[in-house]
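Just below is one structure, and these are the notes that go with it.
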Amino acid sequence: MGIFKTVGISLAATGALLASGLVTASPAMAEECETITLGAAISLTGKYATNGVHAKNGYEYAFQKIKDNGGIMVAGKCYNFSAIYYDDESKGDRGATLAERLINQDNIQYMLGPYSSGLTKAIAPVTEQYKIPMVEAEGASRSLFNKGYKYLFAVLSTSEQYLASAITLAAEQAEKEGKDPKSVRVAIAVENDPFSLDIRAGVQEDAKKYGMQVILDEKLPRDLSDMSAILTKVKLLKPDVLIVSGHSKGAATAVRQIGEQGISVPMIAVTHCEAADVVGNFGDAANDILCSTQWAETLSYEDPIFGTAAEYEVGFKEAFPEYTDKTVPYQTAQASAAVYVFKDAFERAGTLDKEAVRDAISETDLATFYGQIRFSEAGNNIAKPMVLRQIQDGKYNVVAPSEFASHKLNWPRN
Amino acid sequence: MDQIIGNIGLLFEFPVVNLKIIIDGIMIGALFALSAYGLALVWGVMNVKNLAQGDFVIAGGYVAWSMANVGIHPFIGIPAAFVVMWGIGWLTYKLVIKRVIERDLFTSLLATFGLAIMFAQILNLMFGSDTQSIDLGYATLHLGPGGFIDVPISKLIGVVVALSLAFGVILFMKRSRMGQAIRATAQDARAARVLGIDTDKVYAFTFSLNSAICGAAGAIIVMAWVIQPFYGITYSVRAFVIVTAAGLGNLPGVIAAGLGIGALEQYGAHIFGIGYQQAIAVLLLLLVLFIRLLQQRRNRQVLQ
């Protein structure tokens, strides 16, 4: 026992040395590390393929980064991550089957999440049944976190927070103008689907908190291509805040017609601006629109593995040159953050036992380049705020939350 | 309920809103009419109810969009979509429609339904599921008191092109030899065949023409609105309502019904909320069918 302990300590000491900067000497050491294999069903084909690949790349980048920084030290032994991926073809039933296969045939003890709320919803019952801890990074629907799942953890903000921060921002702005936040009038136009209804619920809750008045509350149809009727009402009722959420089609239709109809609302907040490429498609019409995002590379978050958010962006582009001409999507960043949560939990648990790891994950309180991560009882991350970016001269600049913002809010919008 | 009353109140409080709603409705209605146009022909001439109608529209939109992406002016995209979709329509006829045309109603419905799903998926695989649109960068005209009525020039151009195309087709049907042959075949295919009309050729032509008109409609839609691989159904539903309301083969009626439905939908969207916009279209379809039924009962027609 005594001997083991000494070995443990000396290895730990080596690990600490490695972590503290002697990384260049690590290749020889790294090879001696053992492997912890994670499993993931992820959409490599089908309708979510683009984002599925973003997530997978985020996982892979984190594995590499953690390896470069000395691996994971569990009870004095050094480990590296690797993963088995299966393609779920963007289909829920396939995802669930693959999760079973990962657990039963490949003996996977720890899972990373798939892409999208729908897939996560399909896989979570399986991991729950086998008591396999899953840290997911791409399922934001709040319906994932009211089912009493004990083995599901999500690093991202849940969907009802997506545009709620716009209400806070509007309240701050009203106070700055010397007005009562109660006087702010809100118009909501969201699609009639679970994701957007979450957003609506979040906005309504926050509006209520400030005593704001919701003067327009409409649901957009699934195949929306014309919202002039709603915008006409907006023109008549003159709200102070306009909230639009309808995936990329909602963003595209809204921005296009807001421009055409010359709608001037002081604050307009939209989801999925990037996916709809509203700047590329509609240019000036997109100016001063607020867009929600989970993460942006200009945020002032940082951690010892990935560095700052900006360094993450640079490092990731070096590792994956195909992203050189784009901004790194937040889907990638949060995938990396999920892997980081596992590393942190393994090290704190000091064992590979999945129950102990699960308990360690639930006690996570980790500052990362992606934001603070701390889980609620239900498993969602309650420490990271949603970020709002404003399109200023064709660029996405972070304007909220104010303490991490890189730019000032342009208000009112014209 | 309060919201509905409030919305109706707005119509009276600001009368100019009515004008704006009607203008908005006519602009989108013109495109509905155009996408219903070919359906009236195909339905009337071949008795094929083409459920892939809207997907032809969207496919035409993607033709224009891909051309705009390589730097070709979107206006050239309209005739280009017309030509490309003509070809695709002809292929579809030869491969699928030709085989189901003599069969009963359900075979052709199933076949075109399958086509609709296939078209949407192919577009999804080719172009991805993101919403696309071409911004012409034209200004918006602001008319009426306080510039309340806004007419984007791109939409105006779209409407003008749509209507001139529609009148062009009417002239073609009236004046040209092929138009005559199409009308003859529609009246009685067997008699037409006896009199030396190659009905297979007429069918192929009619179906290709339908597809081409849809393509042009799509090319206009991508300039003034937005498209997405799965938006076809929006135009299919409207096309069916319009053709049912106007009657088969009644092209001027299709234009009128299209514009009317556009305006009524906008009213519905204003009063009941935009989520019910498409419900209004379907409700109108029911209403039209009901009235037709009553009319037929009065006429004591024999079912064929």
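Every chain in the structure tokens has a letter given in the order shown (A, B, ...), and although residue numbers restart at 1 in each chain, ligands are simply numbered from 1 in the order shown.
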
- prompt: Within 6 Å of chain A, which residues of chain B show up when using only C-alpha atoms, listed as a count of residues only?
  reply: 9

- prompt: Leaving out Ala367 of chain A and any residue of its chain fewer than 3 positions from it, which residues lie within 9 Å of it when counting only C-alpha atoms, given as a list of chain:residue names?
  reply: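 Surrounding residues, per the criterion: A:Tyr301, A:Glu302, A:Asp303, A:Tyr370, A:Gly371, A:Gln372, A:Ile373, A:Arg374.
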
task: Run DSSP on the backbone of this structure and report the residues of segment 30-243 of chain B it assigns to strand (DSSP E or B), as a list in words.
output: Gln132, Thr140, Leu141, His142, Leu143, Ile149, Asp150, Val151, Pro152 and Ile227 of chain B

task: Name the residues in contact with segment 174-187 of chain B at a cut-off of 9 Å, using only C-alpha atoms, excluding same-chain residues fewer than 2 positions from it; report them as a list in words.
output: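 That gives Leu41, Gly44, Val45, Met46, Asn47, Val169, Ile170, Leu171, Phe172, Ala189, Arg190, Ala191, Ala192, Arg193, Ile197, Asp198, Thr199, Val202, Tyr203, Phe205, Thr206 and Gly249 of chain B.
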
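Distance check against Phe369 of chain A using only C-alpha atoms: of A:Asp344, A:Gly307, A:Ala154, A:Ser90, the minimum falls on A:Gly307.
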
task: DSSP on the backbone, then: every residue of segment 197-268 of chain B marked helix (DSSP H, G or I), written as an MDAnalysis selection string.
output: chainID B and resid 199:224 232:246 251:268

Dump C-alpha atoms for the selected residues as an mmCIF file, in the first residue's frame?
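Below is the file that was written, result_22.cif:
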data_model
loop_
_atom_site.group_PDB
_atom_site.id
_atom_site.type_symbol
_atom_site.label_atom_id
_atom_site.label_comp_id
_atom_site.auth_asym_id
_atom_site.auth_seq_id
_atom_site.Cartn_x
_atom_site.Cartn_y
_atom_site.Cartn_z
ATOM 1 C CA THR B 199 -52.427 13.349 -77.114
ATOM 2 C CA ASP B 200 -49.309 11.897 -75.530
ATOM 3 C CA LYS B 201 -47.379 14.850 -76.918
ATOM 4 C CA VAL B 202 -50.065 17.210 -75.666
ATOM 5 C CA TYR B 203 -49.876 15.706 -72.196
ATOM 6 C CA ALA B 204 -46.094 15.921 -72.133
ATOM 7 C CA PHE B 205 -46.289 19.524 -73.273
ATOM 8 C CA THR B 206 -48.949 20.461 -70.726
ATOM 9 C CA PHE B 207 -47.080 18.907 -67.844
ATOM 10 C CA SER B 208 -43.787 20.507 -68.869
ATOM 11 C CA LEU B 209 -45.512 23.869 -69.249
ATOM 12 C CA ASN B 210 -46.965 23.497 -65.765
ATOM 13 C CA SER B 211 -43.587 22.682 -64.322
ATOM 14 C CA ALA B 212 -41.997 25.585 -66.169
ATOM 15 C CA ILE B 213 -44.570 28.109 -64.922
ATOM 16 C CA CYS B 214 -44.022 26.826 -61.409
ATOM 17 C CA GLY B 215 -40.285 27.238 -61.898
ATOM 18 C CA ALA B 216 -40.733 30.859 -62.938
ATOM 19 C CA ALA B 217 -42.991 31.456 -59.937
ATOM 20 C CA GLY B 218 -40.286 30.028 -57.681
ATOM 21 C CA ALA B 219 -37.660 32.272 -59.246
ATOM 22 C CA ILE B 220 -39.841 35.289 -58.449
ATOM 23 C CA ILE B 221 -40.560 34.062 -54.925
ATOM 24 C CA VAL B 222 -36.877 33.712 -54.083
ATOM 25 C CA MET B 223 -36.374 37.363 -55.050
ATOM 26 C CA ALA B 224 -39.239 38.753 -53.017
ATOM 27 C CA GLY B 232 -43.485 23.306 -51.253
ATOM 28 C CA ILE B 233 -46.578 22.271 -49.342
ATOM 29 C CA THR B 234 -47.478 25.937 -48.712
ATOM 30 C CA TYR B 235 -47.838 26.511 -52.426
ATOM 31 C CA SER B 236 -49.425 23.126 -53.114
ATOM 32 C CA VAL B 237 -52.220 23.793 -50.631
ATOM 33 C CA ARG B 238 -52.910 27.251 -52.056
ATOM 34 C CA ALA B 239 -52.789 25.947 -55.603
ATOM 35 C CA PHE B 240 -55.435 23.349 -54.808
ATOM 36 C CA VAL B 241 -57.686 25.868 -53.107
ATOM 37 C CA ILE B 242 -57.369 28.276 -56.003
ATOM 38 C CA VAL B 243 -58.011 25.741 -58.738
ATOM 39 C CA THR B 244 -60.957 24.279 -56.873
ATOM 40 C CA ALA B 245 -62.411 27.729 -56.407
ATOM 41 C CA ALA B 246 -61.780 28.901 -59.953
ATOM 42 C CA LEU B 251 -57.223 30.627 -66.254
ATOM 43 C CA PRO B 252 -58.640 34.139 -65.703
ATOM 44 C CA GLY B 253 -60.576 32.662 -62.798
ATOM 45 C CA VAL B 254 -57.332 31.323 -61.343
ATOM 46 C CA ILE B 255 -55.813 34.796 -61.344
ATOM 47 C CA ALA B 256 -58.845 36.278 -59.629
ATOM 48 C CA ALA B 257 -59.045 33.486 -57.066
ATOM 49 C CA GLY B 258 -55.313 33.740 -56.381
ATOM 50 C CA LEU B 259 -55.456 37.431 -55.658
ATOM 51 C CA GLY B 260 -58.579 36.970 -53.574
ATOM 52 C CA ILE B 261 -57.093 34.206 -51.486
ATOM 53 C CA GLY B 262 -53.956 36.235 -50.897
ATOM 54 C CA ALA B 263 -55.989 39.136 -49.561
ATOM 55 C CA LEU B 264 -58.312 36.982 -47.469
ATOM 56 C CA GLU B 265 -55.366 35.197 -45.907
ATOM 57 C CA GLN B 266 -53.799 38.468 -44.925
ATOM 58 C CA TYR B 267 -57.066 39.516 -43.310
ATOM 59 C CA GLY B 268 -57.242 36.200 -41.512
#

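Atom CA of Lys150 of chain A lies 17.4 Å from atom CA of Phe346 of chain A.
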
message: Which residues are near segment 78-88 of chain A? Cut-off 6 Å, only C-alpha atoms, ignore same chain within fewer than 4 positions. Put them as a PyMOL selection string.
response: chain A and resi 33-44+63+67+71-73+94-95

- line: Separating atom CA of Ser143 of chain A from atom CA of Phe342 of chain A, to the nearest tenth of an Å, is a gap of 23.4 Å

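When only C-alpha atoms are used to compute distances to Phe113 of chain B, the closest of the residues B:Gly273, B:Pro79, B:Gly54, B:Gly9 turns out to be B:Gly54.
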
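Between atom CA of Leu102 of chain A and atom CA of Met134 of chain A the interatomic distance comes to 12.4 Å.
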
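Ranking A:Leu156, A:Thr308, A:Thr127, A:Asn414 by their shortest atom-to-atom distance to Ile258 of chain A, with only C-alpha atoms included, puts A:Asn414 first.
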
- prompt: segment 209-212 of chain A: which residues within 8 Å, counting only C-alpha atoms, same-chain residues fewer than 5 positions away excluded, as an NGL selection string?
  reply: :A and (171 or 181-186)

Taking C-alpha atoms for each residue, export the selection above as an mmCIF file, in the first residue's frame.
data_model
loop_
_atom_site.group_PDB
_atom_site.id
_atom_site.type_symbol
_atom_site.label_atom_id
_atom_site.label_comp_id
_atom_site.auth_asym_id
_atom_site.auth_seq_id
_atom_site.Cartn_x
_atom_site.Cartn_y
_atom_site.Cartn_z
ATOM 1 C CA ALA A 171 -35.102 47.075 -18.662
ATOM 2 C CA PRO A 181 -39.083 49.295 -16.865
ATOM 3 C CA LYS A 182 -42.837 48.850 -16.415
ATOM 4 C CA SER A 183 -43.391 51.222 -19.308
ATOM 5 C CA VAL A 184 -41.612 48.898 -21.748
ATOM 6 C CA ARG A 185 -43.999 47.217 -24.174
ATOM 7 C CA VAL A 186 -43.049 43.869 -25.642
#

query: Which residues, written as an NGL selection string, have at least one atom at most 10 Å from Gly202 of chain A, with only C-alpha atoms counted and residues fewer than 2 positions away on the same chain left out?
result: :A and (158-165 or 167 or 196-200 or 204-208)

- prompt: Of the candidates B:Asn7, B:Gln295, B:Ser35, B:Asn18, which one gets nearest to Gly144 of chain B if we count only C-alpha atoms?
  reply: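 Distance minimum relative to Gly144 of chain B lands on B:Asn18.
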
query: So which residues touch Ala338 of chain A within 7 Å, counting only C-alpha atoms, skipping near sequence neighbours fewer than 6 positions away, as a count of residues only?
result: 4
